[in-house]
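Colleague: I am sharing coords02.txt, which consists of compact mmCIF, C-alpha atoms:
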```
# COMPACT_ATOMS: atom_id res chain seq x y z
CA MET A 1 -14.65 25.21 -20.81
CA ALA A 2 -12.41 22.79 -19.00
CA ASN A 3 -10.79 19.92 -20.81
CA LEU A 4 -12.05 16.47 -19.91
CA THR A 5 -8.55 15.59 -18.68
CA ASP A 6 -8.74 18.44 -16.18
CA ILE A 7 -11.60 16.61 -14.53
CA PHE A 8 -10.59 13.01 -15.19
CA LEU A 9 -6.79 12.89 -14.84
CA ALA A 10 -6.51 9.18 -15.50
CA PRO A 11 -7.73 7.61 -18.72
CA ALA A 12 -9.68 4.96 -16.83
CA SER A 13 -11.13 4.43 -13.38
CA ASN A 14 -8.91 2.65 -10.88
CA ASN A 15 -9.69 -0.14 -8.45
CA ILE A 16 -9.68 1.96 -5.26
CA LEU A 17 -13.19 2.13 -3.90
CA GLU A 18 -12.35 4.26 -0.90
CA TYR A 19 -9.30 5.43 1.06
CA LEU A 20 -9.75 6.07 4.76
CA SER A 21 -6.72 7.40 6.58
CA ALA A 22 -6.21 9.60 9.62
CA THR A 23 -4.07 10.50 12.56
CA ALA A 24 -5.72 9.05 15.66
CA ASP A 25 -6.84 12.36 17.16
CA GLY A 26 -10.56 11.74 17.49
CA ARG A 27 -11.50 13.07 14.07
CA SER A 28 -14.45 11.76 12.08
CA VAL A 29 -13.89 10.94 8.43
CA ALA A 30 -16.70 10.39 5.95
CA VAL A 31 -16.18 8.07 2.99
CA GLY A 32 -18.55 6.17 0.75
CA SER A 33 -19.29 3.40 3.20
CA GLY A 34 -19.98 5.65 6.16
CA THR A 35 -18.54 8.05 8.69
CA TYR A 36 -15.82 6.71 10.95
CA THR A 37 -14.51 8.25 14.14
CA PHE A 38 -10.90 7.54 14.94
CA GLN A 39 -9.71 7.10 18.49
CA ASN A 40 -8.04 10.03 20.19
CA VAL A 41 -4.64 8.94 21.52
CA THR A 42 -3.60 11.18 24.36
CA GLY A 43 -0.57 9.53 25.83
CA GLU A 44 2.05 6.85 25.89
CA GLN A 45 0.91 3.25 26.39
CA CYS A 46 3.25 0.88 28.16
CA LEU A 47 2.67 -2.79 27.52
CA SER A 48 2.37 -5.68 29.95
CA THR A 49 2.79 -9.42 29.62
CA SER A 50 -0.83 -9.80 28.50
CA HIS A 51 -2.00 -8.73 25.07
CA GLN A 52 -3.88 -5.41 25.20
CA VAL A 53 -5.42 -3.33 22.43
CA ILE A 54 -3.02 -0.66 21.19
CA THR A 55 -4.69 2.72 21.44
CA GLY A 56 -5.49 4.25 18.08
CA SER A 57 -5.57 0.92 16.27
CA SER A 58 -9.24 0.17 16.70
CA ILE A 59 -11.89 0.98 14.11
CA SER A 60 -15.29 -0.51 13.38
CA TYR A 61 -15.49 -0.70 9.63
CA VAL A 62 -17.70 -2.12 6.92
CA PRO A 63 -16.31 -2.11 3.38
CA PRO A 64 -18.30 -1.08 0.31
CA SER A 65 -20.31 -4.00 -1.02
CA GLU A 66 -18.12 -4.24 -4.14
CA ALA A 67 -14.87 -4.61 -2.17
CA LYS A 68 -12.62 -7.50 -3.15
CA TYR A 69 -9.72 -6.58 -0.87
CA VAL A 70 -9.37 -4.40 2.21
CA TYR A 71 -6.01 -3.12 3.36
CA TYR A 72 -5.54 -2.29 7.05
CA GLU A 73 -2.38 -0.53 8.22
CA PHE A 74 -1.55 0.77 11.70
CA ASN A 75 1.63 2.78 12.26
CA CYS A 76 2.82 3.72 15.72
CA LYS A 77 5.96 4.95 17.39
CA ILE A 78 7.58 2.46 19.76
CA GLU A 79 10.48 2.56 22.18
CA SER A 80 12.27 0.02 24.32
CA THR A 81 12.11 0.96 27.98
CA SER A 82 14.12 -2.00 29.18
CA ARG A 83 16.85 -3.71 27.17
CA GLY A 84 15.75 -4.51 23.64
CA GLY A 85 12.05 -4.00 24.37
CA ILE A 86 11.03 -7.33 22.90
CA SER A 87 7.34 -7.21 22.07
CA GLY A 88 4.74 -8.85 19.84
CA PHE A 89 1.71 -7.54 17.96
CA ILE A 90 -1.40 -9.27 16.66
CA THR A 91 -3.83 -7.84 14.12
CA ARG A 92 -7.41 -8.83 14.85
CA PHE A 93 -10.71 -9.04 12.98
CA ASN A 94 -13.62 -8.71 15.37
CA GLY A 95 -11.54 -10.11 18.21
CA ALA A 96 -10.05 -13.04 16.28
CA ASN A 97 -6.34 -13.17 15.46
CA VAL A 98 -5.19 -12.71 11.88
CA SER A 99 -2.16 -14.78 12.71
CA ILE A 100 -0.63 -14.74 9.24
CA VAL A 101 0.61 -11.21 9.97
CA ASP A 102 1.65 -11.44 13.61
CA ARG A 103 4.62 -9.13 14.08
CA GLY A 104 7.46 -9.10 16.56
CA TRP A 105 9.42 -6.00 17.45
CA ALA A 106 12.72 -5.52 19.26
CA GLY A 107 15.89 -3.52 19.08
CA ASN A 108 19.38 -4.56 19.99
CA TYR A 109 20.68 -3.27 23.29
CA SER A 110 23.59 -2.86 25.61
CA THR A 111 23.01 -4.16 29.13
CA SER A 112 23.05 -0.79 30.83
CA LEU A 113 21.70 1.31 27.99
CA HIS A 114 17.98 1.29 27.40
CA HIS A 115 15.67 3.75 25.63
CA LEU A 116 18.03 3.66 22.68
CA ASN A 117 15.65 1.88 20.38
CA GLU A 118 13.14 4.41 19.16
CA PHE A 119 11.56 3.82 15.80
CA MET A 120 8.30 2.71 14.22
CA HIS A 121 6.14 -0.35 14.26
CA THR A 122 3.72 -1.24 11.47
CA SER A 123 1.01 -3.88 11.55
CA ALA A 124 -0.59 -4.38 8.13
CA VAL A 125 -2.65 -6.93 6.26
CA VAL A 126 -4.69 -7.18 3.08
CA PHE A 127 -7.95 -9.00 3.70
CA ASP A 128 -9.05 -11.15 0.76
CA LEU A 129 -12.81 -10.88 0.21
CA THR A 130 -12.87 -12.99 -2.97
CA VAL A 131 -13.22 -16.22 -1.02
CA SER A 132 -16.39 -18.13 -0.24
CA THR A 133 -15.31 -19.37 3.20
CA THR A 134 -13.97 -17.22 6.00
CA ASN A 135 -10.60 -18.05 7.51
CA ILE A 136 -9.70 -15.12 9.73
CA ALA A 137 -6.27 -16.46 10.69
CA GLN A 138 -5.37 -16.39 6.98
CA ALA A 139 -6.96 -12.95 6.34
CA LYS A 140 -9.69 -14.43 4.16
CA ILE A 141 -13.19 -13.07 4.75
CA ALA A 142 -16.24 -14.20 2.80
CA PRO A 143 -18.16 -11.08 1.73
CA SER A 144 -21.28 -12.42 3.42
CA ASP A 145 -19.40 -12.32 6.73
CA TRP A 146 -18.54 -8.64 6.42
CA THR A 147 -21.76 -6.82 5.64
CA THR A 148 -21.91 -5.01 8.96
CA VAL A 149 -19.23 -3.19 10.91
CA LYS A 150 -16.42 -5.36 12.26
CA THR A 151 -13.77 -4.13 14.64
CA LEU A 152 -10.21 -4.14 13.34
CA ASP A 153 -7.47 -3.57 15.87
CA VAL A 154 -3.97 -4.50 17.00
CA THR A 155 -3.01 -6.00 20.34
CA GLY A 156 0.47 -5.96 21.81
CA ARG A 157 2.42 -7.32 24.71
CA GLU A 158 5.98 -7.26 25.98
CA TYR A 159 8.29 -10.20 26.59
CA ASP A 160 8.31 -10.08 30.40
CA ASN A 161 7.67 -7.68 33.27
CA SER A 162 11.24 -7.06 34.31
CA ALA A 163 13.92 -7.20 31.66
CA TYR A 164 12.49 -6.68 28.16
CA GLN A 165 9.83 -4.01 28.08
CA CYS A 166 8.50 -1.34 25.77
CA CYS A 167 5.96 1.45 25.34
CA VAL A 168 4.16 2.68 22.25
CA HIS A 169 3.43 6.26 21.12
CA GLY A 170 6.10 7.70 23.45
CA ASN A 171 9.25 9.69 22.71
CA HIS A 172 11.97 9.34 25.31
CA TYR A 173 14.30 11.96 23.83
CA GLU A 174 13.70 15.31 22.22
CA ASP A 175 15.95 18.05 20.83
CA GLY A 176 19.06 16.88 22.64
CA GLY A 177 17.39 16.10 25.96
CA GLY A 178 14.50 14.27 27.50
CA ALA A 179 11.13 14.58 25.82
CA SER A 180 8.70 17.01 27.39
CA GLY A 181 5.52 18.87 26.56
CA ASN A 182 4.10 18.08 23.13
CA GLU A 183 6.95 15.71 22.37
CA VAL A 184 6.18 13.22 25.15
CA TYR A 185 3.97 11.20 22.85
CA THR A 186 3.03 11.11 19.20
CA LYS A 187 -0.26 10.06 17.70
CA PRO A 188 -0.38 6.95 15.52
CA THR A 189 -1.94 6.73 12.06
CA LEU A 190 -4.50 4.30 10.73
CA THR A 191 -5.24 3.60 7.07
CA ILE A 192 -7.87 1.48 5.39
CA ILE A 193 -8.13 1.07 1.62
CA ALA A 194 -10.95 -0.84 -0.04
CA TYR A 195 -10.28 -2.20 -3.52
CA GLY A 196 -12.80 -3.29 -6.13
CA MET B 197 -23.94 -6.99 -20.08
CA ALA B 198 -21.41 -5.82 -17.53
CA ASN B 199 -22.42 -3.58 -14.72
CA LEU B 200 -21.09 -0.03 -14.92
CA THR B 201 -19.28 -0.63 -11.64
CA ASP B 202 -17.33 -3.49 -13.26
CA ILE B 203 -15.85 -0.97 -15.68
CA PHE B 204 -15.59 1.99 -13.32
CA PRO B 205 -15.10 0.55 -9.81
CA ALA B 206 -14.25 3.94 -8.33
CA ALA B 207 -16.61 6.84 -8.06
CA SER B 208 -14.28 9.35 -9.70
CA SER B 209 -11.06 9.46 -11.67
CA THR B 210 -7.62 10.12 -10.21
CA ASN B 211 -4.05 9.68 -11.44
CA VAL B 212 -3.90 6.22 -9.84
CA LEU B 213 -4.51 3.70 -12.61
CA GLU B 214 -4.44 0.59 -10.45
CA VAL B 215 -3.20 -0.72 -7.12
CA LEU B 216 -2.04 -4.29 -6.79
CA GLN B 217 -1.66 -5.06 -3.12
CA GLY B 218 -1.67 -8.29 -1.21
CA THR B 219 -0.42 -10.30 1.69
CA CYS B 220 1.93 -12.90 0.19
CA ASP B 221 -0.06 -16.06 0.86
CA GLY B 222 -0.36 -17.41 -2.69
CA ARG B 223 -3.50 -15.48 -3.56
CA SER B 224 -4.31 -14.39 -7.10
CA ILE B 225 -5.34 -10.77 -7.63
CA THR B 226 -7.06 -9.46 -10.72
CA VAL B 227 -6.59 -5.82 -11.69
CA SER B 228 -7.07 -4.06 -15.01
CA SER B 229 -3.66 -5.08 -16.36
CA GLY B 230 -4.08 -8.78 -15.59
CA THR B 231 -4.20 -11.43 -12.90
CA TYR B 232 -1.18 -11.81 -10.65
CA THR B 233 -0.40 -14.58 -8.19
CA LEU B 234 1.64 -13.68 -5.13
CA THR B 235 4.18 -16.06 -3.63
CA ASN B 236 3.03 -18.10 -0.64
CA VAL B 237 5.53 -17.31 2.14
CA THR B 238 5.39 -19.84 4.95
CA SER B 239 8.79 -19.95 6.61
CA VAL B 240 11.90 -18.13 7.68
CA GLN B 241 14.54 -17.29 5.08
CA ASN B 242 18.17 -17.28 6.12
CA PHE B 243 20.77 -15.42 4.12
CA SER B 244 24.30 -16.15 3.01
CA THR B 245 27.05 -13.94 1.65
CA SER B 246 25.62 -14.31 -1.85
CA TYR B 247 22.57 -12.33 -2.91
CA GLN B 248 19.38 -14.38 -3.04
CA GLU B 249 15.79 -13.49 -3.88
CA ILE B 250 13.66 -12.69 -0.84
CA THR B 251 10.63 -14.91 -0.89
CA GLY B 252 7.44 -13.01 -1.59
CA SER B 253 9.15 -10.11 -3.34
CA ALA B 254 9.02 -11.34 -6.94
CA ILE B 255 6.26 -10.38 -9.31
CA THR B 256 6.11 -10.32 -13.10
CA TYR B 257 4.09 -7.25 -13.94
CA THR B 258 2.88 -5.33 -16.96
CA PRO B 259 1.68 -1.81 -16.19
CA PRO B 260 -1.64 -0.69 -17.65
CA ASP B 261 -1.61 1.53 -20.73
CA GLY B 262 -0.92 5.13 -19.83
CA THR B 263 1.31 4.38 -16.85
CA LYS B 264 3.91 7.09 -16.26
CA TYR B 265 5.21 5.95 -12.89
CA LEU B 266 5.13 2.63 -11.09
CA SER B 267 5.68 2.35 -7.35
CA TYR B 268 6.97 -0.96 -5.99
CA ARG B 269 7.03 -1.62 -2.24
CA PHE B 270 7.82 -4.79 -0.32
CA ASP B 271 7.25 -4.85 3.46
CA PHE B 272 8.84 -7.67 5.40
CA MET B 273 10.00 -8.71 8.86
CA TRP B 274 13.74 -8.36 9.44
CA ASP B 275 15.70 -10.04 12.24
CA ALA B 276 19.25 -9.57 13.47
CA GLU B 277 20.18 -13.23 13.61
CA ASN B 278 23.68 -12.56 14.84
CA TYR B 279 25.33 -9.45 16.32
CA SER B 280 23.90 -6.36 14.65
CA GLY B 281 22.57 -8.32 11.69
CA ILE B 282 24.27 -6.22 9.03
CA SER B 283 22.57 -7.16 5.79
CA HIS B 284 22.23 -5.72 2.32
CA PHE B 285 19.19 -5.39 0.07
CA LYS B 286 18.60 -4.24 -3.47
CA ILE B 287 15.83 -4.24 -6.06
CA ASN B 288 16.37 -6.03 -9.34
CA ILE B 289 14.26 -5.86 -12.49
CA ASP B 290 14.51 -8.51 -15.17
CA GLY B 291 18.03 -9.42 -14.07
CA THR B 292 19.39 -5.89 -13.72
CA ASP B 293 20.13 -4.46 -10.30
CA ILE B 294 19.01 -0.95 -9.44
CA PRO B 295 21.96 0.26 -7.36
CA LYS B 296 20.21 3.35 -6.04
CA SER B 297 17.56 1.16 -4.46
CA GLY B 298 20.17 -0.56 -2.31
CA LYS B 299 19.85 -0.39 1.47
CA THR B 300 21.84 -1.80 4.35
CA TYR B 301 20.01 -2.61 7.55
CA SER B 302 21.59 -3.21 10.94
CA LEU B 303 21.23 -2.33 14.61
CA ASN B 304 23.78 -1.53 17.26
CA TYR B 305 24.92 -4.21 19.65
CA SER B 306 27.25 -4.68 22.56
CA GLY B 307 27.87 -8.39 22.54
CA SER B 308 26.99 -11.64 20.91
CA SER B 309 23.95 -12.19 23.11
CA HIS B 310 22.29 -8.87 22.33
CA ASN B 311 21.10 -9.58 18.81
CA HIS B 312 17.43 -9.01 19.58
CA GLY B 313 16.59 -6.68 16.68
CA ASN B 314 13.37 -7.75 14.99
CA TRP B 315 11.16 -5.31 13.10
CA VAL B 316 9.21 -4.64 9.92
CA THR B 317 11.06 -2.82 7.19
CA SER B 318 10.57 -2.05 3.51
CA MET B 319 12.20 -1.96 0.11
CA PHE B 320 10.68 0.43 -2.38
CA TYR B 321 11.35 2.17 -5.67
CA VAL B 322 9.38 4.27 -8.13
CA PHE B 323 10.02 3.37 -11.75
CA ASP B 324 9.87 6.18 -14.31
CA LEU B 325 8.09 5.14 -17.51
CA THR B 326 8.31 8.56 -19.17
CA ALA B 327 11.92 8.13 -20.31
CA SER B 328 12.80 8.43 -24.00
CA SER B 329 15.09 5.40 -23.80
CA ASP B 330 15.63 2.57 -21.36
CA ASP B 331 18.02 3.14 -18.47
CA VAL B 332 17.24 -0.01 -16.52
CA ALA B 333 19.84 0.44 -13.78
CA ASN B 334 18.12 3.70 -12.86
CA GLY B 335 14.62 2.28 -13.22
CA LYS B 336 13.75 4.32 -16.32
CA PHE B 337 11.82 2.81 -19.20
CA ALA B 338 10.62 4.04 -22.58
CA ASN B 339 8.33 1.21 -23.58
CA TRP B 340 7.31 -1.26 -20.85
CA THR B 341 4.57 -3.24 -22.57
CA SER B 342 5.21 -6.81 -21.47
CA GLY B 343 5.89 -8.57 -18.19
CA LYS B 344 9.02 -7.63 -16.29
CA THR B 345 9.99 -9.37 -13.07
CA ILE B 346 10.72 -7.15 -10.08
CA ARG B 347 12.28 -8.74 -7.02
CA VAL B 348 14.33 -7.92 -3.92
CA TYR B 349 17.68 -9.53 -3.28
CA GLY B 350 19.30 -9.83 0.14
CA ARG B 351 22.52 -11.07 1.69
CA ASP B 352 24.47 -11.13 4.95
CA TYR B 353 27.51 -8.99 5.65
CA ASN B 354 29.60 -12.11 6.32
CA SER B 355 29.14 -15.79 7.04
CA THR B 356 29.99 -15.87 10.73
CA THR B 357 29.18 -12.86 12.85
CA TRP B 358 26.87 -10.35 11.16
CA LYS B 359 23.86 -12.19 9.85
CA ALA B 360 20.16 -11.55 9.32
CA GLN B 361 17.03 -13.47 8.45
CA VAL B 362 13.54 -12.49 7.32
CA HIS B 363 9.85 -13.46 7.82
CA TYR B 364 10.62 -14.61 11.36
CA ASN B 365 9.24 -13.59 14.78
CA VAL B 366 12.13 -14.60 17.02
CA TYR B 367 10.38 -14.56 20.38
CA TYR B 368 7.09 -15.94 19.09
CA SER B 369 6.61 -18.49 21.85
CA THR B 370 6.78 -16.17 24.84
CA LEU B 371 4.91 -13.42 23.00
CA ALA B 372 2.13 -15.83 21.98
CA ILE B 373 2.36 -14.88 18.32
CA SER B 374 3.06 -16.85 15.14
CA GLN B 375 6.57 -18.08 14.39
CA TYR B 376 6.54 -16.87 10.80
CA THR B 377 5.04 -13.69 9.41
CA THR B 378 3.88 -13.01 5.90
CA PRO B 379 5.16 -10.00 3.95
CA ASN B 380 3.02 -7.55 1.97
CA LEU B 381 3.61 -6.48 -1.64
CA THR B 382 2.23 -3.28 -3.21
CA LEU B 383 2.44 -1.93 -6.75
CA ILE B 384 0.77 1.34 -7.73
CA ALA B 385 0.56 2.47 -11.36
CA TYR B 386 0.16 6.23 -11.87
CA SER B 387 -0.70 8.17 -15.00
```
Produce structure tokens that represent the structure in this file.
Modeller:
Amino acid sequence: MANLTDIFLAPASNNILEYLSATADGRSVAVGSGTYTFQNVTGEQCLSTSHQVITGSSISYVPPSEAKYVYYEFNCKIESTSRGGISGFITRFNGANVSIVDRGWAGNYSTSLHHLNEFMHTSAVVFDLTVSTTNIAQAKIAPSDWTTVKTLDVTGREYDNSAYQCCVHGNHYEDGGGASGNEVYTKPTLTIIAYG
Amino acid sequence: MANLTDIFPAASSTNVLEVLQGTCDGRSITVSSGTYTLTNVTSVQNFSTSYQEITGSAITYTPPDGTKYLSYRFDFMWDAENYSGISHFKINIDGTDIPKSGKTYSLNYSGSSHNHGNWVTSMFYVFDLTASSDDVANGKFANWTSGKTIRVYGRDYNSTTWKAQVHYNVYYSTLAISQYTTPNLTLIAYS
């Protein structure tokens, strides 16, 4: 017969209610609060001077009723396509900005050398559901305001349409040359953790 | 009488004892080991050539009983204020630096006007609580039963040319985003 510790590794239950995480490839993931289908990212997305939803960042989610905090994290590859690629990202709750975690992104540059900034961008926030009044800009959501699915996503834009530009998900270089085939783009990841 | 879900919030057991995670806006978070209040970060922080605590990074924490490993992670916005923004970071616990946590961040540059670097980065370390004796500089502890303060220190490379700042979105106005951005702090206790 198995030992109890073989089944229950920790001496007590933890405060994670559910952990939802996936590569944005169109998969469906079932957790306690429901089944969620992630977006399928199939290519690079170049930004403009207007905020647009970053592909792969969007999910319509309702936390378990006992949730006190909900963590949202979106990780994507990003590259500057012109100079430092100055860009800005906003995390949103049902279309409203969670401005406390707005994030800029840029690399340094040399005037004639672009595409040299290739690394990651992360937008992340912990929503506080212990409050009685919702203040989306401050990531505070009254539980009564999140009993049905709400769309969480990230929007992004670049600095201008000529000098400082960027794309997400793309790889410009690969294996000593220009990216091609499967390496042209990489799929982002999205994680949601609900805490009790 | 308490509900069963107050005692066992999760549906099944794992080796994660508790996760303390928050956006650093002054909120208080209650987990099994206690209630912790995060720093309220509301503005940019400039560095000097002396190490200073990065706002939002400090927390005085007592792991729950049975903790074997404790993961600390601090995610924050970094900006190359001048040139490549060479800057140095290290984790400190209760006044003792952990040298192997130290990281230098910088970006290339070609001139004084090209210091555009601005991105989210992290400082992290996993403390080992299974040691037979304390080795604080390597993050190893034999008996961590009361509050210890973990924080991140940062400094510039020099006072004139290679400088950095944190919590700041440099091009906020044109990008239509907030000027300041709030870091996130995460601690995970494992059995």
Colleague: Which residues are close to Ser253 in chain B, i.e. within 8 Å by only C-alpha atoms, leaving aside same-chain residues fewer than 6 positions away? Reply as a list of chain:residue names.
Modeller: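 Answer for this query is B:Thr235, B:Phe270, B:Ile346, B:Arg347, B:Val348, B:Leu381.
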Colleague: Do you have the CA of Phe74 in chain A-CA of Ser387 in chain B distance handy?
Modeller: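 Between CA of Phe74 in chain A and CA of Ser387 in chain B the gap is 27.7 Å.
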Colleague: Could you please determine the separation between CA of Val149 in chain A and CA of Leu17 in chain A in Å, to one decimal place?
Modeller: 16.9 Å
Colleague: Please check the contacts: residues of chain A at most 7 Å away from chain B, using only C-alpha atoms, listed as number ranges by chain.
Modeller: A: 8-10, 12-17, 84, 87-88, 90, 99-110, 121-122, 125-126, 157-159, 196
Colleague: Neighbourhood query: residues within 9 Å of (-8.8, -16.9, 9.1), file coordinates, counting all atoms listed in the file; return as a list of chain:residue names.
Modeller: A:Phe93, A:Ala96, A:Asn97, A:Val98, A:Ser99, A:Ile100, A:Thr134, A:Asn135, A:Ile136, A:Ala137, A:Gln138, A:Ala139, A:Lys140, A:Ile141
Colleague: List as a ChimeraX atom specification the protein and nucleic acid residues near Lys336 in chain B, meaning an atom at most 7 Å away when all atoms listed in the file are counted, but skip any in the same chain fewer than 6 places from it.
Modeller: /B:323-325,327,330
Colleague: Calculate how many Å separate CA of Trp340 in chain B from CA of Leu234 in chain B, rounding to one decimal.
Modeller: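 According to the coordinates, CA of Trp340 in chain B and CA of Leu234 in chain B are separated by 20.8 Å.
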Colleague: For Thr256 in chain B, find every residue with an atom within 9 Å (counting all atoms listed in the file), except residues of its own chain fewer than 4 positions away, and show them as a VMD selection string.
Modeller: chain B and resid 232 290 343 to 347
Colleague: Calculated over all atoms listed in the file, which of the candidates B:Met319, B:Leu266, B:Ala338, B:Ile282 has the smallest distance to Trp358 in chain B?
Modeller: B:Ile282
Colleague: Find, counting all atoms listed in the file, the residue in A:Cys167, A:Pro188, A:Pro64, A:Gly95 that gets nearest to Asp25 in chain A.
Modeller: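 With all atoms listed in the file as the atom set, the closest residue is A:Pro188.
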Colleague: Might you pull out every residue within 8 Å of Ser28 in chain A, with all atoms listed in the file counted and same-chain residues fewer than 4 positions away left off, and present them as JSON, numbers by chain?
Modeller: {"A": [35, 36, 37, 38]}
Colleague: Which residue out of A:Val131, A:Ala24, A:Val168, A:Val41 has the minimum interatomic distance to Cys76 in chain A when all atoms listed in the file are used?
Modeller: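 Of the candidates, the smallest distance to Cys76 in chain A is held by A:Val168.
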Colleague: Mind listing as a ChimeraX atom specification all residues within 6 Å of (-1.6, -2.2, 5.3), counting all atoms listed in the file?
Modeller: /A:71-73,124-125
Colleague: Go through A:Trp146, A:Tyr185, A:Phe119, A:Tyr69 one by one, measure the shortest atom-to-atom distance of each to Gly170 in chain A using all atoms listed in the file, and give the residue with the smallest value.
Modeller: A:Tyr185
Colleague: Need to verify the contact set: Asn171 in chain A, 10 Å, all atoms listed in the file, exclusion of same-chain residues closer than 2 positions in sequence. Can you return it as a ChimeraX atom specification?
Modeller: /A:44,77-79,115,118-119,167-169,173-174,178-180,182-186
